[in-house]
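A.B. asks: Pasting a structure here, questions to come.
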Amino acid sequence: MKKSLKRTLSIGGVVVVLALLLLPKFGWFSKKETESSVPTGAGRGLPVSGVVVQPMAMENVLKAAGTLVASEEVNVTTEISGMVRSIHFEEGARVKQGDLLVRIDDAELQAQRDKAIHQKALIAQTLERQKVLLEKEAISREAFDKVQTDMLVIESELNLLNTRIEKMQIRAPFDGVIGFRGVSPGTYLQPGQPIARLVKAAPLRLEFSVPERYQAAQLQGRDVVFNVAGYSEAFHADVYAVEPMVEQRTRSLSLRALYPNEDYRLLPGMFADLSIIISRDNNVLQVPSEAVIPQMDGDQVFVYRNGKADLINIRTGSRTEAMVAVTEGLAAGDTVITSGILQLRTGMPVTIQGFSR
């Protein structure tokens with residue numbers, strides 16, 4: 001009995017010794033040691049992005065929408081009724097001021113003018129004879145005055161006929177591009193009936209409105225940068241007029257800017273997105289707008305300090321589409337957290353993974 005017990009104990013001791021020798025080779029103890037070697041809480045910070053606050057220039061930009069309008073525009077028409085004899089323009093062509101566009105039949109007026117010319121010549125001869133007789137006192141002053149009056153009347157009638165004949169020739173009132181014609185040869189025109197639209201597209205007016213609070217910004221003379229559909233480039237216009245009153249319904253102020261359009265690339269009626277630089281400030285601390293947390297009593301941001309997020313109060317100023325000016329609460333060199341804002345709490349460990357621009 002004692003021998004079997006000793007044998008069992010000997011075998012058990014051998015097994016324990018072998019286990020102690022073999023277990024480290026399989027890495028069982030090293031895994032536990034590795035786990036215990038990791039510091040508690042290391043690598044558990046919330047990954048976030050941040051931006052280092054630095055003084056930069058900031059522009060206060062006013063954005064609005066506007067419409068390009070022709071500097072001159074008119075429906076070409078007639079003052080006198082009559083039959084269209086001929087058309088002297090091509091649709092869509094450029095015309096100069098004074099160019100003949102349409103001629104109305106003036107044959108009857110031409111005949112009346114010829115008659116008046118002959119009458120004037122006859123009266124002129126009579127007037128010369130009467131003048132000689134008056135000098136010889138062969139006729140009365142009253143007879144001479146009557147012939148002289150006849151001359152004045154015929155001259156007035158002749159001037160009236162010339163004016164009416166001139167109005168039968170419809171000419172371009174200014175330089176521009178003529179549109180589609182609405183008449184044909186043989187059309188009987190009535191006064192006011194449109195013949196074609198004439199548009200002066202160089203220069204173009206840019207019309208837009210801004211809130212009334214910008215009235216004090218002295219917008220007249222400022223440069224306007226605008227974009228239109230179909231072009232990737234930006235265009236520039238100068239504000240030349242400001243409406244002298246505020247539109248009461250919208251509480252807005254109307255402005256007009258002038259764009260040369262010398263190459264005729266832009267057309268009246270086009271929609272324009274525009275911007276005007278109201279002011280420019282240098283050395284302004286700015287943070288991305290997504291980093292600002294609005295509160296009832298002000299604004300707040302999370303700042304990265306000693307591996308943790310710290311919530312601080314700030315005072316903001318001007319804003320752009322992407323940035324907000326900070327007037328109090330931050331200093332140059334502070335790192336403001338820009339992502340994971342909704343998950344952050346004061347004192348929470350964070351890890352900056354990248355810096356936004």
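The chains in the structure tokens are called A, B, ... from first to last as shown; in each chain the residues are counted from 1, and the ligands are counted from 1 in the order shown.
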Which of segment 31-262 of chain A end up as alpha helix (DSSP H) when DSSP is run on this backbone - answer as a ChimeraX atom specification?
C.D. replies: /A:31-37,107-135,141-167
A.B. asks: Which residues are near Pro211 of chain A? Cut-off 8 Å, only C-alpha atoms, ignore same chain within fewer than 6 positions. Put them as a PDB file with C-alpha atoms, in the first residue's frame.
C.D. replies:
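In the end it all went to result.pdb:
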ATOM      1  CA  ARG A 251     -37.477  95.432 -46.969  1.00  0.00           C
ATOM      2  CA  SER A 252     -34.806  95.241 -49.631  1.00  0.00           C
ATOM      3  CA  LEU A 253     -32.707  97.725 -51.556  1.00  0.00           C
TER       4      LEU A 253
END
A.B. asks: For Ser275 of chain A, which residue among A:Val224, A:Val303, A:Met151, A:Ala291 is the nearest when counting only C-alpha atoms?
C.D. replies: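 Of all the options, A:Val224 lies closest to Ser275 of chain A.
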A.B. asks: So, with only C-alpha atoms as the atoms that count, which of A:Pro55, A:Val48, A:His236, A:Ala116 lies closest to Lys308 of chain A?
C.D. replies: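 Among the listed residues, A:Val48 lies closest to Lys308 of chain A.
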A.B. asks: What's the 8 Å shell around Tyr259 of chain A, counting only C-alpha atoms, without same-chain residues fewer than 2 positions away, as a short mmCIF file (atom, residue, chain, number, x, y, z; two decimals) with N, CA and C atoms, in the first residue's frame?
C.D. replies:
data_model
loop_
_atom_site.label_atom_id
_atom_site.label_comp_id
_atom_site.auth_asym_id
_atom_site.auth_seq_id
_atom_site.Cartn_x
_atom_site.Cartn_y
_atom_site.Cartn_z
N ALA A 202 -24.97 95.29 -75.14
CA ALA A 202 -23.62 95.71 -74.75
C ALA A 202 -23.64 97.22 -74.51
N PRO A 203 -23.60 97.63 -73.24
CA PRO A 203 -23.41 96.81 -72.05
C PRO A 203 -24.72 96.20 -71.53
N LEU A 204 -24.58 95.32 -70.53
CA LEU A 204 -25.72 94.73 -69.85
C LEU A 204 -25.83 95.30 -68.44
N ARG A 205 -27.06 95.40 -67.96
CA ARG A 205 -27.28 95.80 -66.56
C ARG A 205 -27.55 94.55 -65.72
N LEU A 206 -26.93 94.50 -64.56
CA LEU A 206 -27.17 93.43 -63.60
C LEU A 206 -28.03 94.00 -62.48
N HIS A 236 -17.21 90.24 -63.90
CA HIS A 236 -17.16 91.39 -63.00
C HIS A 236 -18.01 92.53 -63.54
N ALA A 237 -18.74 93.16 -62.63
CA ALA A 237 -19.56 94.33 -62.96
C ALA A 237 -19.37 95.37 -61.86
N ASP A 238 -19.68 96.62 -62.19
CA ASP A 238 -19.54 97.72 -61.23
C ASP A 238 -20.91 98.28 -60.89
N ALA A 257 -25.79 97.10 -61.54
CA ALA A 257 -24.37 97.09 -61.90
C ALA A 257 -24.25 96.99 -63.41
N ASN A 261 -19.88 93.42 -71.57
CA ASN A 261 -20.38 92.42 -72.53
C ASN A 261 -19.96 92.74 -73.96
#
A.B. asks: Determine, counting only C-alpha atoms, which protein, DNA and RNA residues have an atom within 8 Å of an atom of Val336 of chain A; residues of the same chain fewer than 2 positions away are not included. Present the result as a PyMOL selection string.
C.D. replies: chain A and resi 50-53+287+291+301-304+334+338
A.B. asks: Can you list, as a PyMOL selection string, every protein, DNA or RNA residue that comes within 8 Å of segment 295-299 of chain A when you count only C-alpha atoms, leaving out same-chain residues fewer than 4 positions away?
C.D. replies: chain A and resi 313-316
A.B. asks: Tell me, which residues of segment 60-159 of chain A carry DSSP strand (DSSP E or B), written as a VMD selection string?
C.D. replies: chain A and resid 60 to 76 82 to 87 94 to 95 100 to 104
A.B. asks: Could you jot down the atom CA of Ile170 of chain A to atom CA of Gly98 of chain A separation for me, Å, one decimal place?
C.D. replies: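 Answer for the atom CA of Ile170 of chain A to atom CA of Gly98 of chain A separation: 8.8 Å.
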A.B. asks: Expressed in Å to a single decimal, how great is the separation between atom CA of Ser86 of chain A and atom CA of Glu72 of chain A?
C.D. replies: 25.5 Å
A.B. asks: Can you tell me, as a ChimeraX atom specification, what residues are no more than 8 Å from Ser184 of chain A when counting only C-alpha atoms, ignoring any on the same chain fewer than 3 positions away?
C.D. replies: /A:84,87,181,187
A.B. asks: Any chance you could export the current selection's N, CA and C atoms as a PDB file, in the first residue's frame?
C.D. replies:
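part14.pdb, written as the output of this step:
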ATOM      1  N   VAL A  84     -46.768  97.707 -95.575  1.00  0.00           N
ATOM      2  CA  VAL A  84     -45.337  97.449 -95.593  1.00  0.00           C
ATOM      3  C   VAL A  84     -44.890  97.226 -97.032  1.00  0.00           C
ATOM      4  N   ILE A  87     -38.785  95.143 -96.303  1.00  0.00           N
ATOM      5  CA  ILE A  87     -38.121  94.893 -95.018  1.00  0.00           C
ATOM      6  C   ILE A  87     -36.624  94.848 -95.265  1.00  0.00           C
ATOM      7  N   ARG A 181     -38.974  89.076 -86.715  1.00  0.00           N
ATOM      8  CA  ARG A 181     -39.920  90.059 -87.249  1.00  0.00           C
ATOM      9  C   ARG A 181     -41.339  89.506 -87.170  1.00  0.00           C
ATOM     10  N   THR A 187     -48.108  93.582 -95.247  1.00  0.00           N
ATOM     11  CA  THR A 187     -48.852  93.727 -93.991  1.00  0.00           C
ATOM     12  C   THR A 187     -49.295  95.172 -93.815  1.00  0.00           C
TER      13      THR A 187
END
A.B. asks: Quote the spacing between atom CA of Gln343 of chain A and atom CA of Gly45 of chain A in Å to one decimal place.
C.D. replies: 11.7 Å
A.B. asks: Out of A:Ala93, A:Leu62, A:Ile139, A:Ile165, which residue has the shortest atom-to-atom distance to Arg222 of chain A when counting only C-alpha atoms?
C.D. replies: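 When distances to Arg222 of chain A are compared using only C-alpha atoms, the smallest one comes from A:Leu62.
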A.B. asks: Could you check which of A:Ala332, A:Ala234, A:Ile276, A:Leu152 is closest to Gln220 of chain A, using only C-alpha atoms?
C.D. replies: A:Ile276
A.B. asks: Using only C-alpha atoms, which of the listed residues (A:Gly192, A:Pro47, A:Gly179, A:Pro173) sits closest to Phe89 of chain A?
C.D. replies: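 The shortest atom-to-atom distance to Phe89 of chain A comes from A:Gly179.
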